[in-house]
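Source file protein_4.cif; content: mmCIF, N, CA and C atoms.
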```cif
data_start
#
loop_
_atom_site.label_atom_id
_atom_site.label_comp_id
_atom_site.auth_asym_id
_atom_site.auth_seq_id
_atom_site.Cartn_x
_atom_site.Cartn_y
_atom_site.Cartn_z
N MET V 1 -6.18 -1.57 9.96
CA MET V 1 -4.76 -1.88 9.76
C MET V 1 -4.46 -3.32 10.18
N SER V 2 -5.26 -3.87 11.06
CA SER V 2 -5.01 -5.24 11.49
C SER V 2 -5.12 -6.22 10.32
N LEU V 3 -6.05 -5.97 9.39
CA LEU V 3 -6.17 -6.83 8.21
C LEU V 3 -4.95 -6.68 7.30
N ALA V 4 -4.45 -5.48 7.15
CA ALA V 4 -3.25 -5.25 6.34
C ALA V 4 -2.05 -5.94 6.97
N LEU V 5 -1.95 -5.90 8.29
CA LEU V 5 -0.86 -6.59 8.98
C LEU V 5 -0.95 -8.10 8.78
N ALA V 6 -2.15 -8.64 8.79
CA ALA V 6 -2.33 -10.07 8.54
C ALA V 6 -1.87 -10.43 7.13
N GLU V 7 -2.17 -9.57 6.16
CA GLU V 7 -1.71 -9.80 4.79
C GLU V 7 -0.18 -9.70 4.70
N ALA V 8 0.41 -8.80 5.46
CA ALA V 8 1.87 -8.66 5.48
C ALA V 8 2.52 -9.92 6.06
N ARG V 9 1.93 -10.44 7.13
CA ARG V 9 2.46 -11.68 7.72
C ARG V 9 2.36 -12.84 6.73
N ALA V 10 1.25 -12.93 6.02
CA ALA V 10 1.08 -13.99 5.02
C ALA V 10 2.11 -13.83 3.89
N ALA V 11 2.39 -12.59 3.51
CA ALA V 11 3.40 -12.36 2.47
C ALA V 11 4.76 -12.86 2.94
N ALA V 12 5.11 -12.56 4.18
CA ALA V 12 6.41 -13.01 4.73
C ALA V 12 6.49 -14.54 4.71
N THR V 13 5.39 -15.20 5.04
CA THR V 13 5.36 -16.66 5.03
C THR V 13 5.63 -17.21 3.63
N ARG V 14 5.20 -16.47 2.61
CA ARG V 14 5.45 -16.87 1.22
C ARG V 14 6.84 -16.48 0.73
N GLY V 15 7.63 -15.81 1.59
CA GLY V 15 8.96 -15.37 1.19
C GLY V 15 8.97 -14.01 0.52
N GLU V 16 7.84 -13.32 0.58
CA GLU V 16 7.72 -11.97 0.01
C GLU V 16 8.05 -10.93 1.07
N VAL V 17 8.47 -9.75 0.64
CA VAL V 17 8.66 -8.65 1.57
C VAL V 17 7.31 -8.42 2.25
N PRO V 18 7.28 -8.39 3.59
CA PRO V 18 6.01 -8.35 4.31
C PRO V 18 5.32 -6.99 4.28
N VAL V 19 4.60 -6.76 3.21
CA VAL V 19 3.78 -5.57 3.07
C VAL V 19 2.37 -6.05 2.75
N GLY V 20 1.40 -5.48 3.46
CA GLY V 20 0.00 -5.83 3.24
C GLY V 20 -0.82 -4.58 3.02
N ALA V 21 -1.91 -4.74 2.28
CA ALA V 21 -2.80 -3.61 1.99
C ALA V 21 -4.25 -4.07 1.99
N VAL V 22 -5.11 -3.14 2.36
CA VAL V 22 -6.56 -3.37 2.36
C VAL V 22 -7.21 -2.12 1.79
N LEU V 23 -8.18 -2.31 0.90
CA LEU V 23 -8.89 -1.18 0.32
C LEU V 23 -10.36 -1.26 0.73
N LEU V 24 -10.86 -0.16 1.30
CA LEU V 24 -12.24 -0.09 1.77
C LEU V 24 -13.06 0.78 0.82
N GLY V 25 -14.31 0.36 0.62
CA GLY V 25 -15.23 1.14 -0.20
C GLY V 25 -15.82 2.30 0.59
N PRO V 26 -16.64 3.11 -0.05
CA PRO V 26 -17.24 4.27 0.60
C PRO V 26 -18.06 3.93 1.85
N ASP V 27 -18.59 2.70 1.89
CA ASP V 27 -19.39 2.27 3.04
C ASP V 27 -18.54 1.62 4.13
N GLY V 28 -17.21 1.59 3.95
CA GLY V 28 -16.32 1.00 4.94
C GLY V 28 -16.14 -0.50 4.79
N ARG V 29 -16.76 -1.08 3.78
CA ARG V 29 -16.65 -2.52 3.53
C ARG V 29 -15.32 -2.83 2.84
N VAL V 30 -14.69 -3.93 3.21
CA VAL V 30 -13.44 -4.36 2.57
C VAL V 30 -13.75 -4.82 1.16
N LEU V 31 -13.12 -4.15 0.18
CA LEU V 31 -13.28 -4.54 -1.23
C LEU V 31 -12.16 -5.44 -1.70
N ALA V 32 -10.96 -5.24 -1.13
CA ALA V 32 -9.81 -6.03 -1.57
C ALA V 32 -8.76 -6.03 -0.47
N ARG V 33 -8.03 -7.12 -0.40
CA ARG V 33 -6.91 -7.23 0.54
C ARG V 33 -5.85 -8.10 -0.11
N ALA V 34 -4.59 -7.73 0.12
CA ALA V 34 -3.49 -8.48 -0.51
C ALA V 34 -2.19 -8.18 0.20
N GLY V 35 -1.25 -9.08 -0.01
CA GLY V 35 0.13 -8.87 0.40
C GLY V 35 0.99 -8.89 -0.85
N ASN V 36 2.22 -8.46 -0.71
CA ASN V 36 3.14 -8.47 -1.86
C ASN V 36 3.19 -9.85 -2.51
N ARG V 37 3.31 -9.88 -3.84
CA ARG V 37 3.42 -11.13 -4.59
C ARG V 37 4.39 -10.98 -5.77
N THR V 38 5.40 -10.12 -5.60
CA THR V 38 6.33 -9.87 -6.71
C THR V 38 7.14 -11.11 -7.07
N ARG V 39 7.60 -11.84 -6.08
CA ARG V 39 8.40 -13.04 -6.35
C ARG V 39 7.53 -14.16 -6.90
N GLU V 40 6.40 -14.36 -6.27
CA GLU V 40 5.50 -15.44 -6.68
C GLU V 40 5.06 -15.27 -8.13
N ARG V 41 4.77 -14.04 -8.53
CA ARG V 41 4.27 -13.77 -9.87
C ARG V 41 5.35 -13.34 -10.86
N ASN V 42 6.60 -13.22 -10.37
CA ASN V 42 7.68 -12.70 -11.21
C ASN V 42 7.24 -11.40 -11.87
N ASP V 43 6.69 -10.52 -11.03
CA ASP V 43 6.11 -9.27 -11.50
C ASP V 43 6.52 -8.14 -10.56
N PRO V 44 7.39 -7.25 -11.01
CA PRO V 44 7.83 -6.17 -10.13
C PRO V 44 6.73 -5.19 -9.76
N THR V 45 5.59 -5.25 -10.44
CA THR V 45 4.48 -4.35 -10.09
C THR V 45 3.49 -4.99 -9.12
N ALA V 46 3.71 -6.21 -8.71
CA ALA V 46 2.75 -6.92 -7.84
C ALA V 46 2.91 -6.54 -6.38
N HIS V 47 2.99 -5.23 -6.12
CA HIS V 47 3.01 -4.72 -4.75
C HIS V 47 1.59 -4.84 -4.19
N ALA V 48 1.48 -4.93 -2.88
CA ALA V 48 0.18 -5.08 -2.23
C ALA V 48 -0.80 -3.98 -2.66
N GLU V 49 -0.32 -2.75 -2.72
CA GLU V 49 -1.20 -1.63 -3.08
C GLU V 49 -1.75 -1.78 -4.49
N ILE V 50 -0.89 -2.14 -5.43
CA ILE V 50 -1.30 -2.30 -6.82
C ILE V 50 -2.32 -3.44 -6.94
N LEU V 51 -2.08 -4.53 -6.23
CA LEU V 51 -3.00 -5.67 -6.29
C LEU V 51 -4.39 -5.30 -5.78
N VAL V 52 -4.47 -4.56 -4.67
CA VAL V 52 -5.80 -4.21 -4.16
C VAL V 52 -6.49 -3.17 -5.04
N ILE V 53 -5.71 -2.26 -5.61
CA ILE V 53 -6.30 -1.27 -6.52
C ILE V 53 -6.87 -1.99 -7.75
N ARG V 54 -6.12 -2.91 -8.32
CA ARG V 54 -6.60 -3.65 -9.48
C ARG V 54 -7.89 -4.41 -9.16
N GLU V 55 -7.88 -5.11 -8.04
CA GLU V 55 -9.04 -5.93 -7.66
C GLU V 55 -10.27 -5.04 -7.41
N ALA V 56 -10.09 -3.95 -6.71
CA ALA V 56 -11.21 -3.06 -6.42
C ALA V 56 -11.75 -2.39 -7.68
N CYS V 57 -10.86 -2.02 -8.58
CA CYS V 57 -11.32 -1.40 -9.84
C CYS V 57 -12.18 -2.36 -10.65
N VAL V 58 -11.77 -3.62 -10.70
CA VAL V 58 -12.57 -4.62 -11.41
C VAL V 58 -13.92 -4.78 -10.71
N ALA V 59 -13.89 -4.89 -9.38
CA ALA V 59 -15.14 -5.07 -8.62
C ALA V 59 -16.09 -3.89 -8.79
N GLN V 60 -15.52 -2.69 -8.87
CA GLN V 60 -16.34 -1.48 -8.99
C GLN V 60 -16.66 -1.13 -10.45
N GLY V 61 -15.97 -1.77 -11.38
CA GLY V 61 -16.20 -1.48 -12.79
C GLY V 61 -15.75 -0.08 -13.18
N SER V 62 -14.67 0.38 -12.56
CA SER V 62 -14.17 1.73 -12.82
C SER V 62 -12.67 1.79 -12.55
N GLU V 63 -11.99 2.67 -13.29
CA GLU V 63 -10.56 2.86 -13.04
C GLU V 63 -10.32 3.87 -11.92
N ARG V 64 -11.37 4.45 -11.39
CA ARG V 64 -11.25 5.44 -10.32
C ARG V 64 -12.00 4.97 -9.09
N LEU V 65 -11.41 5.27 -7.94
CA LEU V 65 -11.96 4.83 -6.67
C LEU V 65 -12.13 6.00 -5.70
N PRO V 66 -12.89 7.01 -6.08
CA PRO V 66 -13.10 8.12 -5.15
C PRO V 66 -13.88 7.63 -3.93
N ASP V 67 -13.69 8.27 -2.82
CA ASP V 67 -14.36 7.90 -1.56
C ASP V 67 -13.93 6.53 -1.04
N HIS V 68 -12.80 6.03 -1.52
CA HIS V 68 -12.25 4.76 -1.04
C HIS V 68 -11.01 5.06 -0.19
N ASP V 69 -10.74 4.17 0.76
CA ASP V 69 -9.61 4.34 1.66
C ASP V 69 -8.67 3.15 1.57
N LEU V 70 -7.38 3.43 1.58
CA LEU V 70 -6.35 2.40 1.48
C LEU V 70 -5.55 2.35 2.78
N TYR V 71 -5.40 1.16 3.31
CA TYR V 71 -4.55 0.91 4.47
C TYR V 71 -3.40 0.05 4.00
N VAL V 72 -2.18 0.47 4.30
CA VAL V 72 -1.00 -0.29 3.88
C VAL V 72 0.05 -0.22 4.99
N THR V 73 0.78 -1.31 5.17
CA THR V 73 1.69 -1.40 6.30
C THR V 73 2.99 -0.63 6.11
N LEU V 74 3.32 -0.27 4.88
CA LEU V 74 4.56 0.45 4.59
C LEU V 74 4.25 1.64 3.69
N GLU V 75 4.95 2.72 3.88
CA GLU V 75 4.80 3.90 3.02
C GLU V 75 4.87 3.48 1.56
N PRO V 76 3.88 3.85 0.76
CA PRO V 76 3.90 3.47 -0.65
C PRO V 76 5.13 4.00 -1.40
N CYS V 77 5.64 3.16 -2.30
CA CYS V 77 6.76 3.55 -3.15
C CYS V 77 6.24 4.54 -4.21
N PRO V 78 7.12 5.13 -4.99
CA PRO V 78 6.66 6.07 -6.02
C PRO V 78 5.67 5.46 -7.02
N MET V 79 5.88 4.22 -7.43
CA MET V 79 4.95 3.57 -8.37
C MET V 79 3.57 3.45 -7.74
N CYS V 80 3.51 2.99 -6.51
CA CYS V 80 2.22 2.81 -5.84
C CYS V 80 1.57 4.15 -5.53
N ALA V 81 2.36 5.14 -5.14
CA ALA V 81 1.80 6.47 -4.88
C ALA V 81 1.17 7.04 -6.15
N ALA V 82 1.83 6.86 -7.29
CA ALA V 82 1.26 7.34 -8.55
C ALA V 82 -0.04 6.61 -8.86
N ALA V 83 -0.07 5.30 -8.65
CA ALA V 83 -1.30 4.53 -8.90
C ALA V 83 -2.43 4.98 -7.97
N ILE V 84 -2.10 5.28 -6.73
CA ILE V 84 -3.08 5.79 -5.77
C ILE V 84 -3.67 7.10 -6.28
N SER V 85 -2.82 7.97 -6.78
CA SER V 85 -3.28 9.25 -7.32
C SER V 85 -4.14 9.03 -8.56
N PHE V 86 -3.70 8.17 -9.48
CA PHE V 86 -4.46 7.91 -10.70
C PHE V 86 -5.84 7.31 -10.38
N ALA V 87 -5.91 6.48 -9.33
CA ALA V 87 -7.17 5.86 -8.94
C ALA V 87 -8.07 6.81 -8.15
N ARG V 88 -7.53 7.97 -7.79
CA ARG V 88 -8.29 8.99 -7.05
C ARG V 88 -8.75 8.50 -5.68
N ILE V 89 -7.92 7.69 -5.03
CA ILE V 89 -8.25 7.18 -3.70
C ILE V 89 -8.32 8.35 -2.72
N ARG V 90 -9.33 8.32 -1.87
CA ARG V 90 -9.60 9.43 -0.95
C ARG V 90 -8.56 9.58 0.15
N ARG V 91 -8.28 8.48 0.85
CA ARG V 91 -7.36 8.54 2.00
C ARG V 91 -6.41 7.35 1.99
N VAL V 92 -5.18 7.63 2.44
CA VAL V 92 -4.16 6.59 2.58
C VAL V 92 -3.69 6.60 4.02
N PHE V 93 -3.73 5.43 4.63
CA PHE V 93 -3.24 5.24 5.99
C PHE V 93 -2.08 4.25 5.89
N TYR V 94 -0.91 4.64 6.37
CA TYR V 94 0.20 3.67 6.31
C TYR V 94 0.93 3.59 7.63
N GLY V 95 1.63 2.46 7.78
CA GLY V 95 2.33 2.16 9.02
C GLY V 95 3.75 2.71 9.04
N ALA V 96 4.70 1.89 8.62
CA ALA V 96 6.11 2.24 8.68
C ALA V 96 6.50 3.20 7.57
N SER V 97 7.38 4.13 7.90
CA SER V 97 7.99 4.99 6.88
C SER V 97 9.03 4.18 6.13
N ASP V 98 9.33 4.59 4.91
CA ASP V 98 10.31 3.88 4.10
C ASP V 98 11.36 4.85 3.57
N PRO V 99 12.41 5.09 4.37
CA PRO V 99 13.42 6.06 3.96
C PRO V 99 14.18 5.66 2.69
N LYS V 100 14.24 4.36 2.36
CA LYS V 100 14.97 3.91 1.17
C LYS V 100 14.14 4.01 -0.10
N SER V 101 12.86 3.65 -0.02
CA SER V 101 12.07 3.52 -1.24
C SER V 101 10.71 4.21 -1.19
N GLY V 102 10.46 4.98 -0.16
CA GLY V 102 9.16 5.63 -0.04
C GLY V 102 8.92 6.68 -1.11
N GLY V 103 7.66 6.92 -1.38
CA GLY V 103 7.31 7.91 -2.38
C GLY V 103 6.29 8.93 -1.91
N VAL V 104 6.00 8.92 -0.60
CA VAL V 104 5.00 9.83 -0.06
C VAL V 104 5.67 10.90 0.80
N ALA V 105 6.29 10.49 1.90
CA ALA V 105 6.97 11.45 2.78
C ALA V 105 8.48 11.42 2.56
N GLN V 106 8.96 10.38 1.90
CA GLN V 106 10.39 10.22 1.61
C GLN V 106 10.59 10.35 0.09
N GLY V 107 11.82 10.35 -0.32
CA GLY V 107 12.12 10.28 -1.75
C GLY V 107 11.43 11.34 -2.59
N PRO V 108 10.80 10.93 -3.70
CA PRO V 108 10.25 11.91 -4.64
C PRO V 108 8.96 12.59 -4.17
N ARG V 109 8.34 12.11 -3.11
CA ARG V 109 7.12 12.75 -2.58
C ARG V 109 6.11 13.03 -3.70
N ILE V 110 5.61 11.97 -4.27
CA ILE V 110 4.72 12.02 -5.43
C ILE V 110 3.55 12.98 -5.23
N PHE V 111 2.93 12.94 -4.07
CA PHE V 111 1.73 13.76 -3.86
C PHE V 111 2.05 15.25 -3.75
N SER V 112 3.32 15.59 -3.54
CA SER V 112 3.72 17.00 -3.46
C SER V 112 4.15 17.56 -4.81
N HIS V 113 4.27 16.69 -5.79
CA HIS V 113 4.73 17.11 -7.11
C HIS V 113 3.66 17.96 -7.79
N PRO V 114 4.04 19.05 -8.44
CA PRO V 114 3.03 19.91 -9.08
C PRO V 114 2.22 19.23 -10.19
N GLN V 115 2.75 18.15 -10.76
CA GLN V 115 2.02 17.45 -11.81
C GLN V 115 1.12 16.33 -11.29
N CYS V 116 1.05 16.18 -9.99
CA CYS V 116 0.17 15.17 -9.40
C CYS V 116 -1.27 15.64 -9.54
N HIS V 117 -2.11 14.85 -10.18
CA HIS V 117 -3.48 15.25 -10.48
C HIS V 117 -4.43 15.12 -9.29
N HIS V 118 -4.15 14.21 -8.39
CA HIS V 118 -5.03 13.99 -7.23
C HIS V 118 -4.15 13.71 -6.01
N VAL V 119 -4.44 14.40 -4.94
CA VAL V 119 -3.69 14.21 -3.69
C VAL V 119 -4.65 13.67 -2.63
N PRO V 120 -4.43 12.43 -2.19
CA PRO V 120 -5.29 11.90 -1.13
C PRO V 120 -4.90 12.48 0.22
N GLU V 121 -5.79 12.36 1.17
CA GLU V 121 -5.41 12.64 2.55
C GLU V 121 -4.46 11.52 2.97
N VAL V 122 -3.40 11.85 3.69
CA VAL V 122 -2.42 10.85 4.09
C VAL V 122 -2.26 10.88 5.61
N TYR V 123 -2.32 9.69 6.20
CA TYR V 123 -2.13 9.52 7.64
C TYR V 123 -1.05 8.46 7.83
N ASP V 124 0.05 8.85 8.47
CA ASP V 124 1.16 7.91 8.63
C ASP V 124 1.29 7.47 10.09
N GLY V 125 2.13 6.46 10.29
CA GLY V 125 2.43 5.98 11.62
C GLY V 125 1.37 5.08 12.24
N ILE V 126 0.42 4.60 11.45
CA ILE V 126 -0.64 3.72 11.96
C ILE V 126 -0.06 2.32 12.15
N ALA V 127 0.00 1.85 13.40
CA ALA V 127 0.61 0.55 13.72
C ALA V 127 2.04 0.48 13.18
N ALA V 128 2.74 1.59 13.24
CA ALA V 128 4.10 1.67 12.68
C ALA V 128 5.05 0.69 13.35
N ARG V 129 5.00 0.59 14.65
CA ARG V 129 5.95 -0.28 15.36
C ARG V 129 5.79 -1.73 14.91
N GLU V 130 4.57 -2.20 14.82
CA GLU V 130 4.34 -3.58 14.39
C GLU V 130 4.78 -3.79 12.93
N SER V 131 4.49 -2.83 12.09
CA SER V 131 4.91 -2.91 10.68
C SER V 131 6.43 -2.94 10.57
N GLU V 132 7.09 -2.06 11.32
CA GLU V 132 8.56 -2.00 11.31
C GLU V 132 9.16 -3.31 11.81
N THR V 133 8.58 -3.87 12.87
CA THR V 133 9.09 -5.12 13.43
C THR V 133 8.98 -6.26 12.41
N LEU V 134 7.85 -6.34 11.72
CA LEU V 134 7.69 -7.36 10.68
C LEU V 134 8.78 -7.26 9.63
N LEU V 135 9.02 -6.04 9.16
CA LEU V 135 10.04 -5.82 8.13
C LEU V 135 11.44 -6.12 8.64
N ARG V 136 11.74 -5.61 9.82
CA ARG V 136 13.08 -5.82 10.39
C ARG V 136 13.36 -7.31 10.59
N ASP V 137 12.40 -8.05 11.17
CA ASP V 137 12.58 -9.49 11.41
C ASP V 137 12.71 -10.25 10.09
N PHE V 138 11.94 -9.87 9.10
CA PHE V 138 12.03 -10.52 7.80
C PHE V 138 13.42 -10.38 7.20
N PHE V 139 13.93 -9.15 7.17
CA PHE V 139 15.24 -8.92 6.56
C PHE V 139 16.37 -9.48 7.42
N LYS V 140 16.21 -9.47 8.73
CA LYS V 140 17.22 -10.07 9.61
C LYS V 140 17.36 -11.56 9.30
N GLY V 141 16.23 -12.22 9.05
CA GLY V 141 16.25 -13.64 8.70
C GLY V 141 16.85 -13.93 7.33
N ARG V 142 16.90 -12.93 6.47
CA ARG V 142 17.46 -13.09 5.12
C ARG V 142 18.97 -12.92 5.09
N ARG V 143 19.52 -12.24 6.11
CA ARG V 143 20.96 -11.94 6.10
C ARG V 143 21.78 -13.04 6.69
#
```
What do you get writing this file as structure tokens?
Amino acid sequence: MSLALAEARAAATRGEVPVGAVLLGPDGRVLARAGNRTRERNDPTAHAEILVIREACVAQGSERLPDHDLYVTLEPCPMCAAAISFARIRRVFYGASDPKSGGVAQGPRIFSHPQCHHVPEVYDGIAARESETLLRDFFKGRR
């Protein structure tokens, strides 16, 4: 999670919402790491999770990432949760909960939906306080 937090800090420095993600391969090696880049790329899908999934899929030569683990500083939104399911990611570890836009434990709860084809193991609250502080300070500076 420390690498994901570093990516979140870098995203904040770029003026992006400070969310970072890291995707590990089956051997525990880092395959991809990214922070949000929606503003930089003018792309609403350029969330940290989507960026690491795209990069890892290219590196692995497959649209599926079984036995891979995702670390992300904020609860994935519904779009990212769906992408995680489609990629067949094994485990998701996230920091802060997202009561406004979350898609795992909040909101639509994508992985609980009967039409969800793959449900990863989910572990929440990992470095939650630090993730929450990054987000809170970022938005406080914007107001």
- Would you mind writing down, as a PyMOL selection string, each residue of chain V that DSSP on the backbone assigns to helix (DSSP H, G or I)? chain V and resi 2-13+38-41+48-60+78-86+110-112+128-142
- Message: Once the PyMOL selection byres ((chain V and resi 94-100) around 5) has been evaluated on this model, what residues remain selected, and can you format them as JSON, numbers by chain?
- Response: {"V": [72, 73, 74, 75, 92, 93, 101, 102, 123, 124, 125, 126, 127, 128]}
- Message: Can you pull out the residues contacting Val119 (chain V)? Cut-off 8 Å, using all atoms listed in the file, and skip same-chain residues under 6 positions away; I want them as a list in words.
- Response: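 Selected residues are Ile84, Ser85, Phe86, Arg88, Ile89, Arg90, Arg91, Val92, Ile110, Phe111 and Ser112 of chain V.
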- Item | Shortest interatomic distance to Ala10 (chain V) - which of V:Asn36, V:Glu55, V:Gly107, V:Asp69, counting only N, CA and C atoms | V:Asn36
- Rounded to one decimal place, report the CA of Arg29 (chain V)-atom C of Leu3 (chain V) distance in Å.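 Distance reported for this atom pair: 13.0 Å.
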- Task: Could you tell me how far atom C of Asp27 (chain V) lies from atom N of Asp67 (chain V), in Å and to one decimal?
- Result: 10.8 Å
- Best match for closeness to Ala32 (chain V) among V:Arg54, V:His113, V:Arg64, V:Arg136, counting only C-alpha atoms: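 Going through V:Arg54, V:His113, V:Arg64, V:Arg136 one by one, the smallest distance to Ala32 (chain V) is for V:Arg54.
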Running the PyMOL selection byres ((chain V and resi 37-44) around 7) on this model by hand, what would come out? Give it as a compact mmCIF listing (two decimals) with N, CA and C atoms, keeping the file's coordinate frame.
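Writing the result to part35.txt gives the following:
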```txt
# COMPACT_ATOMS: atom_id res chain seq x y z
N ALA V 11 2.39 -12.59 3.51
CA ALA V 11 3.40 -12.36 2.47
C ALA V 11 4.76 -12.86 2.94
N GLY V 15 7.63 -15.81 1.59
CA GLY V 15 8.96 -15.37 1.19
C GLY V 15 8.97 -14.01 0.52
N GLU V 16 7.84 -13.32 0.58
CA GLU V 16 7.72 -11.97 0.01
C GLU V 16 8.05 -10.93 1.07
N VAL V 17 8.47 -9.75 0.64
CA VAL V 17 8.66 -8.65 1.57
C VAL V 17 7.31 -8.42 2.25
N GLY V 35 -1.25 -9.08 -0.01
CA GLY V 35 0.13 -8.87 0.40
C GLY V 35 0.99 -8.89 -0.85
N ASN V 36 2.22 -8.46 -0.71
CA ASN V 36 3.14 -8.47 -1.86
C ASN V 36 3.19 -9.85 -2.51
N THR V 45 5.59 -5.25 -10.44
CA THR V 45 4.48 -4.35 -10.09
C THR V 45 3.49 -4.99 -9.12
N ALA V 46 3.71 -6.21 -8.71
CA ALA V 46 2.75 -6.92 -7.84
C ALA V 46 2.91 -6.54 -6.38
N HIS V 47 2.99 -5.23 -6.12
CA HIS V 47 3.01 -4.72 -4.75
C HIS V 47 1.59 -4.84 -4.19
N ALA V 48 1.48 -4.93 -2.88
CA ALA V 48 0.18 -5.08 -2.23
C ALA V 48 -0.80 -3.98 -2.66
```
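Picture a line from atom C of Cys57 (chain V) to atom N of Arg14 (chain V); it runs 26.0 Å.
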- Test item, strand (DSSP E or B) assignment across chain V, answer as a PyMOL selection string: chain V and resi 20-24+30-35+69-74+91-96+121-123
Write to file, as a JSON list (two decimals), in the coordinates of the input, the residues of the selection just made, with N, CA and C atoms.
```
[["chain", "number", "residue", "atom", "x", "y", "z"],
["V", 20, "GLY", "N", 1.40, -5.48, 3.46],
["V", 20, "GLY", "CA", 0.00, -5.83, 3.24],
["V", 20, "GLY", "C", -0.82, -4.58, 3.02],
["V", 21, "ALA", "N", -1.91, -4.74, 2.28],
["V", 21, "ALA", "CA", -2.80, -3.61, 1.99],
["V", 21, "ALA", "C", -4.25, -4.07, 1.99],
["V", 22, "VAL", "N", -5.11, -3.14, 2.36],
["V", 22, "VAL", "CA", -6.56, -3.37, 2.36],
["V", 22, "VAL", "C", -7.21, -2.12, 1.79],
["V", 23, "LEU", "N", -8.18, -2.31, 0.90],
["V", 23, "LEU", "CA", -8.89, -1.18, 0.32],
["V", 23, "LEU", "C", -10.36, -1.26, 0.73],
["V", 24, "LEU", "N", -10.86, -0.16, 1.30],
["V", 24, "LEU", "CA", -12.24, -0.09, 1.77],
["V", 24, "LEU", "C", -13.06, 0.78, 0.82],
["V", 30, "VAL", "N", -14.69, -3.93, 3.21],
["V", 30, "VAL", "CA", -13.44, -4.36, 2.57],
["V", 30, "VAL", "C", -13.75, -4.82, 1.16],
["V", 31, "LEU", "N", -13.12, -4.15, 0.18],
["V", 31, "LEU", "CA", -13.28, -4.54, -1.23],
["V", 31, "LEU", "C", -12.16, -5.44, -1.70],
["V", 32, "ALA", "N", -10.96, -5.24, -1.13],
["V", 32, "ALA", "CA", -9.81, -6.03, -1.57],
["V", 32, "ALA", "C", -8.76, -6.03, -0.47],
["V", 33, "ARG", "N", -8.03, -7.12, -0.40],
["V", 33, "ARG", "CA", -6.91, -7.23, 0.54],
["V", 33, "ARG", "C", -5.85, -8.10, -0.11],
["V", 34, "ALA", "N", -4.59, -7.73, 0.12],
["V", 34, "ALA", "CA", -3.49, -8.48, -0.51],
["V", 34, "ALA", "C", -2.19, -8.18, 0.20],
["V", 35, "GLY", "N", -1.25, -9.08, -0.01],
["V", 35, "GLY", "CA", 0.13, -8.87, 0.40],
["V", 35, "GLY", "C", 0.99, -8.89, -0.85],
["V", 69, "ASP", "N", -10.74, 4.17, 0.76],
["V", 69, "ASP", "CA", -9.61, 4.34, 1.66],
["V", 69, "ASP", "C", -8.67, 3.15, 1.57],
["V", 70, "LEU", "N", -7.38, 3.43, 1.58],
["V", 70, "LEU", "CA", -6.35, 2.40, 1.48],
["V", 70, "LEU", "C", -5.55, 2.35, 2.78],
["V", 71, "TYR", "N", -5.40, 1.16, 3.31],
["V", 71, "TYR", "CA", -4.55, 0.91, 4.47],
["V", 71, "TYR", "C", -3.40, 0.05, 4.00],
["V", 72, "VAL", "N", -2.18, 0.47, 4.30],
["V", 72, "VAL", "CA", -1.00, -0.29, 3.88],
["V", 72, "VAL", "C", 0.05, -0.22, 4.99],
["V", 73, "THR", "N", 0.78, -1.31, 5.17],
["V", 73, "THR", "CA", 1.69, -1.40, 6.30],
["V", 73, "THR", "C", 2.99, -0.63, 6.11],
["V", 74, "LEU", "N", 3.32, -0.27, 4.88],
["V", 74, "LEU", "CA", 4.56, 0.45, 4.59],
["V", 74, "LEU", "C", 4.25, 1.64, 3.69],
["V", 91, "ARG", "N", -8.28, 8.48, 0.85],
["V", 91, "ARG", "CA", -7.36, 8.54, 2.00],
["V", 91, "ARG", "C", -6.41, 7.35, 1.99],
["V", 92, "VAL", "N", -5.18, 7.63, 2.44],
["V", 92, "VAL", "CA", -4.16, 6.59, 2.58],
["V", 92, "VAL", "C", -3.69, 6.60, 4.02],
["V", 93, "PHE", "N", -3.73, 5.43, 4.63],
["V", 93, "PHE", "CA", -3.24, 5.24, 5.99],
["V", 93, "PHE", "C", -2.08, 4.25, 5.89],
["V", 94, "TYR", "N", -0.91, 4.64, 6.37],
["V", 94, "TYR", "CA", 0.20, 3.67, 6.31],
["V", 94, "TYR", "C", 0.93, 3.59, 7.63],
["V", 95, "GLY", "N", 1.63, 2.46, 7.78],
["V", 95, "GLY", "CA", 2.33, 2.16, 9.02],
["V", 95, "GLY", "C", 3.75, 2.71, 9.04],
["V", 96, "ALA", "N", 4.70, 1.89, 8.62],
["V", 96, "ALA", "CA", 6.11, 2.24, 8.68],
["V", 96, "ALA", "C", 6.50, 3.20, 7.57],
["V", 121, "GLU", "N", -5.79, 12.36, 1.17],
["V", 121, "GLU", "CA", -5.41, 12.64, 2.55],
["V", 121, "GLU", "C", -4.46, 11.52, 2.97],
["V", 122, "VAL", "N", -3.40, 11.85, 3.69],
["V", 122, "VAL", "CA", -2.42, 10.85, 4.09],
["V", 122, "VAL", "C", -2.26, 10.88, 5.61],
["V", 123, "TYR", "N", -2.32, 9.69, 6.20],
["V", 123, "TYR", "CA", -2.13, 9.52, 7.64],
["V", 123, "TYR", "C", -1.05, 8.46, 7.83]]
```
- Looking at V:Met79, V:Asp137, V:Arg9, V:Ala4, which one is nearest to Arg33 (chain V), with distances taken over all atoms listed in the file?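 That would be V:Ala4, the residue with the smallest distance to Arg33 (chain V).
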- Taking (-9.9, 1.1, -1.3) in the file's coordinates as the center, which residues reach within 6.5 Å of it, counting only N, CA and C atoms, put as a PyMOL selection string? chain V and resi 22-25+31-32+68-71
- Message: Using all atoms listed in the file for the distances, tell me which of V:Cys77, V:Ala59, V:Met1, V:Ala6 is nearest to Pro108 (chain V).
- Response: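 Answer, going by the shortest atom-to-atom distance: V:Cys77.
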Axis-aligned box for region 57-71 of chain V, 5 Å per side, centre and edges in Å as JSON:
```
{"center_x": -10.0, "center_y": 1.6, "center_z": -4.4, "size_x": 23.3, "size_y": 23.3, "size_z": 27.8}
```
- For Gly103 (chain V), which residue among V:Ile53, V:Ala8, V:Ala21, V:Ala81 is the nearest when counting only C-alpha atoms?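 Closest to Gly103 (chain V) of all the choices is V:Ala81.
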